[in-house]
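Participant: Just dropping this structure here.
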Amino acid sequence: MSKEINKDKKSRKKDSKFVKKIKQHMYKWHRAIGLVTIIPVIFWTLSGLMHPFMAHFFKPEIAHDKLEAQVIDKTQLHFSIQEVLEKNELTQFKNFRVVSFNNKTYYQLKTIIGELWYFDASTAEKLENGDQKYAEWLSRYFLDDQKSAVKNSEVVTEFTSQYKYVNRYLPVYKLSFDRPDAMQVYVETSSSKLATYNPTSRQAFIWFFDTFHNWSFIDAITNNSIRIITMIFLLSIIGFSALSGILIYGLLWKQFKKTDSLAPKKGLRKYHRQIGIWISLFTLTFAFSGAYHATTKWNPYTLSQMVYEPTFVTKEIPVANNKLDLDWSRFQNASIITLNDTTYFRCELLEKQKFKRSKSDSNSKWNKKDDPKSEVIYINAATNKVVPNLDFRYAEFLAYYFTDGAPKLACCEMDQSSDEPHVSLENVKLLDSKLLIDFSSREYGFVNKRLPVIKLAYDTPEKTTYFIETSTSRLAAVVKNSDMVEGYSFAILHKFLFMDWAGKNIRDLTMVVAALTILIVSILGFILFLKK
């Protein structure tokens, strides 16, 4: 009996020594990790704090965020696109559409070299510097500012530190206005879309966030891969710091607190422990989702190159666009496409039930409820006959084209840097197809910019879904199962999507409090180290 008691005592002594050694090393590891990550944590929390403040609480406003499509009077199209091209001795082109500005109607023509030219639909005359003039008109419309001088106008063909890839559109015009807020407006003239707008305050925020949250300064020193590796490495260490804190001050605290009864923790040390335990969970979620999100940034953004632009020969289009058999009282726009060796006019008409609106509605600002919808019809360019349900068939063709299912022309450079080969959709079952006219879906959110799009979900191993903008023959987005997992991880753990039930204000406030508390805990830990 006495032998068993002695064995018990020995094992307890061994356990206590072992625990003591773990504690001793854990404290050292926790302090060392904390010191290594104090600067990155300050960078990330401060810039993270600014994001909800600037993106929501102090978001700059603009008079119009989109250009409302108007019904175009047929009489304004005195010349057809074929007549305009012949008069200007143009035998080939990429596409065309109709735009109205400065009280005139123009054909916006995309030439075979990719430039946008403008021809007056009433006179067939070319408008000199038409694209720049249209960009300025659009910018002034979006700002509702006809007085301020334009300080600078330039074409942006790649994403920059001020015009980030999150804006999606390329190429765009950047117009800088001589105003107290030094407003910069980015517009895509090929679709009449507002890409983004940055007053001085937002320009400063974008620089700060890009420098201290995305660590763009590493790009300037080395390259994107080194930046991502560095971020993932430091975020992993921050995660370990949070875990060691939970282990020391939380899970194993009952075993360690005996030594603290001799020298109880007071002041900063006590607060660092108490606040740290509660905030460690947020630290882990931020660090994990941030590192996971960084892994998606290896490959460059190439969606701006995913566009189908065959060359059309003027004389091979028999039917004139101003002689099309359609309801001209609802006509909004037209362009041209080719499908299965047949050429079609793609026409947009205002929906019948939306056409008659009261005067009060016609002056109302753009919003989700008042947003007028368009009906899309395809008319055979040889027979002038309407072909039903072609928009979805054309979307399927484009998805097939963008997955290397069709011969490539110089018009479309596919992303060859991707790890996964493109899966041909030739014999793949289409699981779901539908038209999306708003960003209500979690799967296709506001960040994707382009609307309306057609969603095509295929039965591939990754359950790949393609979002096609048929109006521009573009691939708007590609979503796979792995993308959805990462997207939800970032939305829930990094952007606090789980707080959506409380509203955006409360959700953003929660994010601010969490980031601020992490910052306080880190600084408290650093002060403790300096004191010791």
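In the structure tokens, chains take the letters A, B, ... in the order shown, each chain's residues start at 1, and ligands count up from 1 in the order shown.
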Can you tell me which residues surround segment 72-79 of chain A at a distance of at most 9 Å, considering only C-alpha atoms, apart from same-chain residues fewer than 6 positions away, and format the answer as a list of chain:residue names?
Facilitator: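 These residues fall inside the cut-off: A:Val98, A:Ser100, A:Lys104, A:Thr105, A:Tyr106, A:Tyr107, A:Asp120, A:Ala121, A:Ser122, A:Thr123, A:Ala124, A:Asn321, A:Asn322, A:Trp328, A:Ser329, A:Arg330, A:Phe331, A:Gln332, A:Asn333.
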Participant: Can I get the selected residues back with N, CA and C atoms, as a CSV table (one decimal), in the first residue's frame?
Facilitator:
chain,number,residue,atom,x,y,z
A,98,VAL,N,-25.6,52.0,-79.7
A,98,VAL,CA,-26.1,53.3,-79.8
A,98,VAL,C,-25.9,54.0,-78.4
A,100,SER,N,-26.3,58.1,-76.6
A,100,SER,CA,-26.8,59.5,-76.7
A,100,SER,C,-26.1,60.4,-75.7
A,104,LYS,N,-27.3,64.5,-78.9
A,104,LYS,CA,-27.2,63.9,-80.1
A,104,LYS,C,-27.1,62.4,-79.9
A,105,THR,N,-27.4,61.6,-81.0
A,105,THR,CA,-27.3,60.2,-81.0
A,105,THR,C,-26.2,59.7,-81.9
A,106,TYR,N,-25.3,58.8,-81.3
A,106,TYR,CA,-24.2,58.3,-82.0
A,106,TYR,C,-24.1,56.8,-82.1
A,107,TYR,N,-23.5,56.3,-83.1
A,107,TYR,CA,-23.1,54.9,-83.2
A,107,TYR,C,-21.7,54.8,-82.5
A,120,ASP,N,-22.1,60.3,-85.8
A,120,ASP,CA,-23.4,60.9,-85.7
A,120,ASP,C,-24.4,60.1,-86.5
A,121,ALA,N,-25.4,59.6,-85.9
A,121,ALA,CA,-26.4,58.8,-86.5
A,121,ALA,C,-27.3,59.6,-87.5
A,122,SER,N,-27.2,60.9,-87.4
A,122,SER,CA,-28.0,61.8,-88.3
A,122,SER,C,-27.2,62.2,-89.5
A,123,THR,N,-25.9,62.3,-89.3
A,123,THR,CA,-25.1,62.9,-90.4
A,123,THR,C,-24.0,61.9,-90.9
A,124,ALA,N,-23.8,60.8,-90.2
A,124,ALA,CA,-22.8,59.8,-90.5
A,124,ALA,C,-21.3,60.4,-90.3
A,321,ASN,N,-29.8,48.1,-89.5
A,321,ASN,CA,-30.2,48.1,-88.1
A,321,ASN,C,-31.4,49.0,-87.8
A,322,ASN,N,-31.6,50.1,-88.7
A,322,ASN,CA,-32.8,51.0,-88.5
A,322,ASN,C,-34.0,50.5,-89.2
A,328,TRP,N,-40.4,49.6,-82.1
A,328,TRP,CA,-39.5,50.8,-81.9
A,328,TRP,C,-39.9,51.7,-80.8
A,329,SER,N,-41.1,51.6,-80.3
A,329,SER,CA,-41.5,52.5,-79.2
A,329,SER,C,-40.9,52.1,-77.9
A,330,ARG,N,-40.3,50.9,-77.9
A,330,ARG,CA,-39.6,50.4,-76.7
A,330,ARG,C,-38.1,50.2,-76.9
A,331,PHE,N,-37.5,50.6,-78.1
A,331,PHE,CA,-36.2,50.4,-78.4
A,331,PHE,C,-35.2,51.2,-77.6
A,332,GLN,N,-34.2,50.4,-77.0
A,332,GLN,CA,-33.2,51.0,-76.1
A,332,GLN,C,-31.8,51.0,-76.7
A,333,ASN,N,-31.5,49.8,-77.3
A,333,ASN,CA,-30.1,49.7,-77.9
A,333,ASN,C,-30.1,48.4,-78.8
Participant: As an exercise, work out the distance from atom CA of Arg227 of chain A to atom CA of Gln162 of chain A in Å and give it to one decimal place.
Facilitator: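 A separation of 18.3 Å between them.
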Participant: Under the rule that only C-alpha atoms are counted, which of A:Glu469, A:Phe392, A:Gly48, A:Val155 is the nearest residue to Lys434 of chain A?
Facilitator: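 The answer is A:Phe392, which sits nearest to Lys434 of chain A.
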Participant: Per DSSP on the backbone, what are the helix (DSSP H, G or I) residues of segment 113-209 of chain A, as a list in words?
Facilitator: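 The residues of segment 113-209 of chain A classed as helix (DSSP H, G or I) are Gly130, Asp131, Gln132, Lys133, Tyr134, Ala135, Glu136, Trp137, Leu138, Ser139, Arg140, Tyr141, Phe142, Leu143, Tyr165, Val166, Asn167, Thr200, Ser201, Arg202, Gln203, Ala204, Phe205, Ile206, Trp207, Phe208 and Phe209 of chain A.
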Participant: Taking only C-alpha atoms into account, produce a table as JSON lines in which each residue of segment 145-215 of chain A with an atom at most 10 Å from an atom of segment 33-40 of chain A appears once, together with its shortest atom pair and the distance in Å to one decimal, ordered by chain and rising number.
Facilitator:
{"residue": "A:Phe212", "atom": "CA", "partner": "A:Pro40", "partner_atom": "CA", "distance": 8.4}
{"residue": "A:His213", "atom": "CA", "partner": "A:Pro40", "partner_atom": "CA", "distance": 9.0}
{"residue": "A:Trp215", "atom": "CA", "partner": "A:Pro40", "partner_atom": "CA", "distance": 9.7}
Participant: Convert the current residue selection to file output with N, CA and C atoms, as a PDB file, in the first residue's frame.
Facilitator:
ATOM      1  N   PHE A 212      -0.831  49.147 -45.878  1.00  0.00           N
ATOM      2  CA  PHE A 212      -0.719  48.505 -44.569  1.00  0.00           C
ATOM      3  C   PHE A 212      -1.604  47.268 -44.369  1.00  0.00           C
ATOM      4  N   HIS A 213      -2.580  47.060 -45.245  1.00  0.00           N
ATOM      5  CA  HIS A 213      -3.408  45.854 -45.116  1.00  0.00           C
ATOM      6  C   HIS A 213      -3.050  44.834 -46.193  1.00  0.00           C
ATOM      7  N   TRP A 215      -0.213  45.185 -47.985  1.00  0.00           N
ATOM      8  CA  TRP A 215       1.251  45.189 -47.999  1.00  0.00           C
ATOM      9  C   TRP A 215       1.813  45.368 -49.413  1.00  0.00           C
TER      10      TRP A 215
END
Participant: I'd like the contact shell of Ile518 of chain A - 10 Å cut-off, only C-alpha atoms, skipping same-chain residues fewer than 2 positions apart - returned as a list in words.
Facilitator: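 Once the nearby chain positions are removed, what remains is Val41, Ile42, Thr45, Ile275, Gly276, Trp278, Ile279, Ser280, Phe282, Thr283, Val513, Ala514, Ala515, Leu516, Ile520, Val521, Ser522, Ile523 and Leu524 of chain A.
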Participant: Choose the residue, out of A:Val512, A:Phe498, A:Ser216, A:Lys315, that has the smallest atom-to-atom separation from Met50 of chain A; count only C-alpha atoms.
Facilitator: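 Ranked by minimum distance to Met50 of chain A, first place goes to A:Val512.
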Participant: Which neighbours of Lys110 of chain A fall inside 7 Å, counting only C-alpha atoms, when residues of the same chain fewer than 6 positions from it are skipped, and could you give them as a tab-separated table (two decimals) with all heavy atoms, in the first residue's frame?
Facilitator:
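Below is the file that was written, part.tsv:
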chain	number	residue	atom	x	y	z
A	93	PHE	N	-15.44	45.62	-88.74
A	93	PHE	CA	-15.55	46.17	-87.39
A	93	PHE	C	-15.78	45.05	-86.39
A	93	PHE	O	-16.07	43.91	-86.76
A	93	PHE	CB	-16.70	47.20	-87.33
A	93	PHE	CG	-18.08	46.61	-87.51
A	93	PHE	CD1	-18.91	46.40	-86.42
A	93	PHE	CD2	-18.54	46.25	-88.78
A	93	PHE	CE1	-20.17	45.87	-86.57
A	93	PHE	CE2	-19.80	45.70	-88.94
A	93	PHE	CZ	-20.62	45.52	-87.84
A	94	LYS	N	-15.64	45.38	-85.11
A	94	LYS	CA	-15.83	44.39	-84.04
A	94	LYS	C	-17.27	44.37	-83.54
A	94	LYS	O	-17.87	43.32	-83.35
A	94	LYS	CB	-14.89	44.68	-82.87
A	94	LYS	CG	-13.42	44.41	-83.16
A	94	LYS	CD	-13.12	42.94	-83.20
A	94	LYS	CE	-11.64	42.66	-83.34
A	94	LYS	NZ	-11.36	41.24	-83.55
A	95	ASN	N	-17.81	45.56	-83.29
A	95	ASN	CA	-19.19	45.66	-82.81
A	95	ASN	C	-19.62	47.12	-82.81
A	95	ASN	O	-18.83	48.02	-83.10
A	95	ASN	CB	-19.35	45.06	-81.41
A	95	ASN	CG	-20.67	44.31	-81.26
A	95	ASN	OD1	-21.71	44.78	-81.72
A	95	ASN	ND2	-20.63	43.15	-80.63
A	96	PHE	N	-20.87	47.33	-82.48
A	96	PHE	CA	-21.40	48.69	-82.38
A	96	PHE	C	-22.52	48.71	-81.35
A	96	PHE	O	-23.06	47.67	-80.98
A	96	PHE	CB	-21.92	49.17	-83.74
A	96	PHE	CG	-23.32	48.68	-84.05
A	96	PHE	CD1	-24.43	49.46	-83.78
A	96	PHE	CD2	-23.52	47.40	-84.58
A	96	PHE	CE1	-25.72	49.00	-84.05
A	96	PHE	CE2	-24.79	46.93	-84.84
A	96	PHE	CZ	-25.90	47.73	-84.58
A	116	LEU	N	-12.58	52.79	-79.86
A	116	LEU	CA	-13.99	53.17	-79.92
A	116	LEU	C	-14.12	54.48	-80.68
A	116	LEU	O	-13.57	55.51	-80.26
A	116	LEU	CB	-14.57	53.31	-78.50
A	116	LEU	CG	-14.67	52.02	-77.67
A	116	LEU	CD1	-15.21	52.33	-76.28
A	116	LEU	CD2	-15.54	50.97	-78.36
A	117	TRP	N	-14.83	54.44	-81.82
A	117	TRP	CA	-15.08	55.63	-82.63
A	117	TRP	C	-16.57	55.96	-82.57
A	117	TRP	O	-17.41	55.07	-82.38
A	117	TRP	CB	-14.66	55.39	-84.09
A	117	TRP	CG	-13.16	55.25	-84.27
A	117	TRP	CD1	-12.20	55.34	-83.31
A	117	TRP	CD2	-12.48	54.96	-85.49
A	117	TRP	NE1	-10.96	55.15	-83.84
A	117	TRP	CE2	-11.09	54.91	-85.19
A	117	TRP	CE3	-12.88	54.75	-86.82
A	117	TRP	CZ2	-10.12	54.66	-86.15
A	117	TRP	CZ3	-11.91	54.50	-87.79
A	117	TRP	CH2	-10.55	54.47	-87.47
Participant: If we count only C-alpha atoms and set the cut-off at 12 Å, which residues sit around Phe286 of chain A, ignoring sequence neighbours fewer than 4 positions away in its own chain? Please answer as a ChimeraX atom specification.
Facilitator: /A:41,44-45,48,232,235-236,238-239,242,279-282,290-294,489-496,511,514-515,518
Participant: Selection from above, N, CA and C atoms, as a PDB file, in the first residue's frame, can you write it?
Facilitator:
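Heads up, here's the output in part-v4.pdb:
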ATOM      1  N   VAL A  41       0.552  43.186 -36.636  1.00  0.00           N
ATOM      2  CA  VAL A  41      -0.769  43.300 -35.999  1.00  0.00           C
ATOM      3  C   VAL A  41      -1.228  44.759 -35.977  1.00  0.00           C
ATOM      4  N   TRP A  44      -2.230  45.705 -39.575  1.00  0.00           N
ATOM      5  CA  TRP A  44      -3.486  45.102 -40.023  1.00  0.00           C
ATOM      6  C   TRP A  44      -4.692  45.619 -39.250  1.00  0.00           C
ATOM      7  N   THR A  45      -4.551  45.808 -37.940  1.00  0.00           N
ATOM      8  CA  THR A  45      -5.713  46.257 -37.160  1.00  0.00           C
ATOM      9  C   THR A  45      -6.054  47.722 -37.463  1.00  0.00           C
ATOM     10  N   GLY A  48      -7.481  47.809 -40.882  1.00  0.00           N
ATOM     11  CA  GLY A  48      -8.780  47.141 -40.800  1.00  0.00           C
ATOM     12  C   GLY A  48      -9.832  48.012 -40.137  1.00  0.00           C
ATOM     13  N   ILE A 232       1.186  35.261 -45.431  1.00  0.00           N
ATOM     14  CA  ILE A 232       0.704  33.972 -44.911  1.00  0.00           C
ATOM     15  C   ILE A 232       1.559  33.527 -43.730  1.00  0.00           C
ATOM     16  N   LEU A 235       0.701  35.770 -40.695  1.00  0.00           N
ATOM     17  CA  LEU A 235      -0.656  35.465 -40.213  1.00  0.00           C
ATOM     18  C   LEU A 235      -0.679  34.120 -39.489  1.00  0.00           C
ATOM     19  N   SER A 236       0.122  33.170 -39.965  1.00  0.00           N
ATOM     20  CA  SER A 236       0.218  31.865 -39.286  1.00  0.00           C
ATOM     21  C   SER A 236       0.817  32.036 -37.894  1.00  0.00           C
ATOM     22  N   ILE A 238       0.728  34.766 -36.061  1.00  0.00           N
ATOM     23  CA  ILE A 238      -0.294  35.442 -35.244  1.00  0.00           C
ATOM     24  C   ILE A 238      -1.310  34.425 -34.737  1.00  0.00           C
ATOM     25  N   GLY A 239      -1.681  33.481 -35.614  1.00  0.00           N
ATOM     26  CA  GLY A 239      -2.600  32.408 -35.209  1.00  0.00           C
ATOM     27  C   GLY A 239      -2.014  31.576 -34.081  1.00  0.00           C
ATOM     28  N   ALA A 242      -2.148  33.490 -30.800  1.00  0.00           N
ATOM     29  CA  ALA A 242      -3.488  33.440 -30.191  1.00  0.00           C
ATOM     30  C   ALA A 242      -3.734  32.082 -29.544  1.00  0.00           C
ATOM     31  N   ILE A 279     -10.557  37.844 -26.752  1.00  0.00           N
ATOM     32  CA  ILE A 279     -10.331  38.337 -28.101  1.00  0.00           C
ATOM     33  C   ILE A 279      -9.550  37.355 -28.971  1.00  0.00           C
ATOM     34  N   SER A 280      -8.981  36.308 -28.367  1.00  0.00           N
ATOM     35  CA  SER A 280      -8.181  35.342 -29.132  1.00  0.00           C
ATOM     36  C   SER A 280      -8.980  34.679 -30.252  1.00  0.00           C
ATOM     37  N   LEU A 281     -10.250  34.444 -30.012  1.00  0.00           N
ATOM     38  CA  LEU A 281     -11.100  33.819 -31.028  1.00  0.00           C
ATOM     39  C   LEU A 281     -11.165  34.696 -32.276  1.00  0.00           C
ATOM     40  N   PHE A 282     -11.363  36.022 -32.060  1.00  0.00           N
ATOM     41  CA  PHE A 282     -11.409  36.948 -33.193  1.00  0.00           C
ATOM     42  C   PHE A 282     -10.053  37.001 -33.901  1.00  0.00           C
ATOM     43  N   GLY A 290      -7.770  35.575 -43.337  1.00  0.00           N
ATOM     44  CA  GLY A 290      -6.853  36.441 -44.084  1.00  0.00           C
ATOM     45  C   GLY A 290      -5.814  35.633 -44.844  1.00  0.00           C
ATOM     46  N   ALA A 291      -5.235  34.620 -44.174  1.00  0.00           N
ATOM     47  CA  ALA A 291      -4.225  33.762 -44.822  1.00  0.00           C
ATOM     48  C   ALA A 291      -4.852  32.941 -45.939  1.00  0.00           C
ATOM     49  N   TYR A 292      -6.053  32.418 -45.689  1.00  0.00           N
ATOM     50  CA  TYR A 292      -6.777  31.621 -46.693  1.00  0.00           C
ATOM     51  C   TYR A 292      -7.084  32.487 -47.915  1.00  0.00           C
ATOM     52  N   HIS A 293      -7.513  33.723 -47.666  1.00  0.00           N
ATOM     53  CA  HIS A 293      -7.840  34.655 -48.750  1.00  0.00           C
ATOM     54  C   HIS A 293      -6.594  35.018 -49.566  1.00  0.00           C
ATOM     55  N   ALA A 294      -5.467  35.147 -48.880  1.00  0.00           N
ATOM     56  CA  ALA A 294      -4.204  35.498 -49.561  1.00  0.00           C
ATOM     57  C   ALA A 294      -3.782  34.413 -50.547  1.00  0.00           C
ATOM     58  N   SER A 489     -15.664  31.689 -46.114  1.00  0.00           N
ATOM     59  CA  SER A 489     -14.687  31.831 -45.028  1.00  0.00           C
ATOM     60  C   SER A 489     -14.338  33.304 -44.822  1.00  0.00           C
ATOM     61  N   PHE A 490     -14.048  33.992 -45.925  1.00  0.00           N
ATOM     62  CA  PHE A 490     -13.661  35.408 -45.832  1.00  0.00           C
ATOM     63  C   PHE A 490     -14.846  36.269 -45.389  1.00  0.00           C
ATOM     64  N   ALA A 491     -16.023  35.995 -45.961  1.00  0.00           N
ATOM     65  CA  ALA A 491     -17.211  36.794 -45.639  1.00  0.00           C
ATOM     66  C   ALA A 491     -17.628  36.625 -44.181  1.00  0.00           C
ATOM     67  N   ILE A 492     -17.611  35.373 -43.685  1.00  0.00           N
ATOM     68  CA  ILE A 492     -18.087  35.102 -42.319  1.00  0.00           C
ATOM     69  C   ILE A 492     -17.025  35.452 -41.275  1.00  0.00           C
ATOM     70  N   LEU A 493     -15.790  34.972 -41.488  1.00  0.00           N
ATOM     71  CA  LEU A 493     -14.753  35.122 -40.465  1.00  0.00           C
ATOM     72  C   LEU A 493     -14.008  36.454 -40.530  1.00  0.00           C
ATOM     73  N   HIS A 494     -13.948  37.076 -41.701  1.00  0.00           N
ATOM     74  CA  HIS A 494     -13.172  38.310 -41.846  1.00  0.00           C
ATOM     75  C   HIS A 494     -14.076  39.538 -41.922  1.00  0.00           C
ATOM     76  N   LYS A 495     -15.242  39.369 -42.572  1.00  0.00           N
ATOM     77  CA  LYS A 495     -16.152  40.510 -42.735  1.00  0.00           C
ATOM     78  C   LYS A 495     -17.397  40.396 -41.863  1.00  0.00           C
ATOM     79  N   PHE A 496     -17.414  39.383 -41.012  1.00  0.00           N
ATOM     80  CA  PHE A 496     -18.482  39.203 -40.009  1.00  0.00           C
ATOM     81  C   PHE A 496     -19.884  39.119 -40.641  1.00  0.00           C
ATOM     82  N   MET A 511     -17.046  44.717 -36.047  1.00  0.00           N
ATOM     83  CA  MET A 511     -15.717  44.531 -36.649  1.00  0.00           C
ATOM     84  C   MET A 511     -14.724  45.546 -36.085  1.00  0.00           C
ATOM     85  N   ALA A 514     -13.828  44.616 -32.490  1.00  0.00           N
ATOM     86  CA  ALA A 514     -12.953  43.428 -32.465  1.00  0.00           C
ATOM     87  C   ALA A 514     -11.524  43.808 -32.847  1.00  0.00           C
ATOM     88  N   ALA A 515     -11.368  44.560 -33.933  1.00  0.00           N
ATOM     89  CA  ALA A 515     -10.029  44.967 -34.389  1.00  0.00           C
ATOM     90  C   ALA A 515      -9.356  45.874 -33.358  1.00  0.00           C
ATOM     91  N   ILE A 518      -8.137  43.772 -30.368  1.00  0.00           N
ATOM     92  CA  ILE A 518      -6.905  43.035 -30.722  1.00  0.00           C
ATOM     93  C   ILE A 518      -5.706  43.970 -30.645  1.00  0.00           C
TER      94      ILE A 518
END
Participant: Tell me which of A:Val187, A:Val386, A:Val319, A:Ile221 sits closest to Ser80 of chain A, counting only C-alpha atoms.
Facilitator: A:Val319
Participant: I'd like to know which of A:Ala32, A:Leu451, A:Val387, A:Ala220 is closest to Lys373 of chain A, using only C-alpha atoms.
Facilitator: A:Leu451
Participant: For atom CA of Tyr400 of chain A and atom CA of Ser304 of chain A, quote the distance in Å rounded to one decimal.
Facilitator: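 Value for the atom CA of Tyr400 of chain A-atom CA of Ser304 of chain A distance: 17.5 Å.
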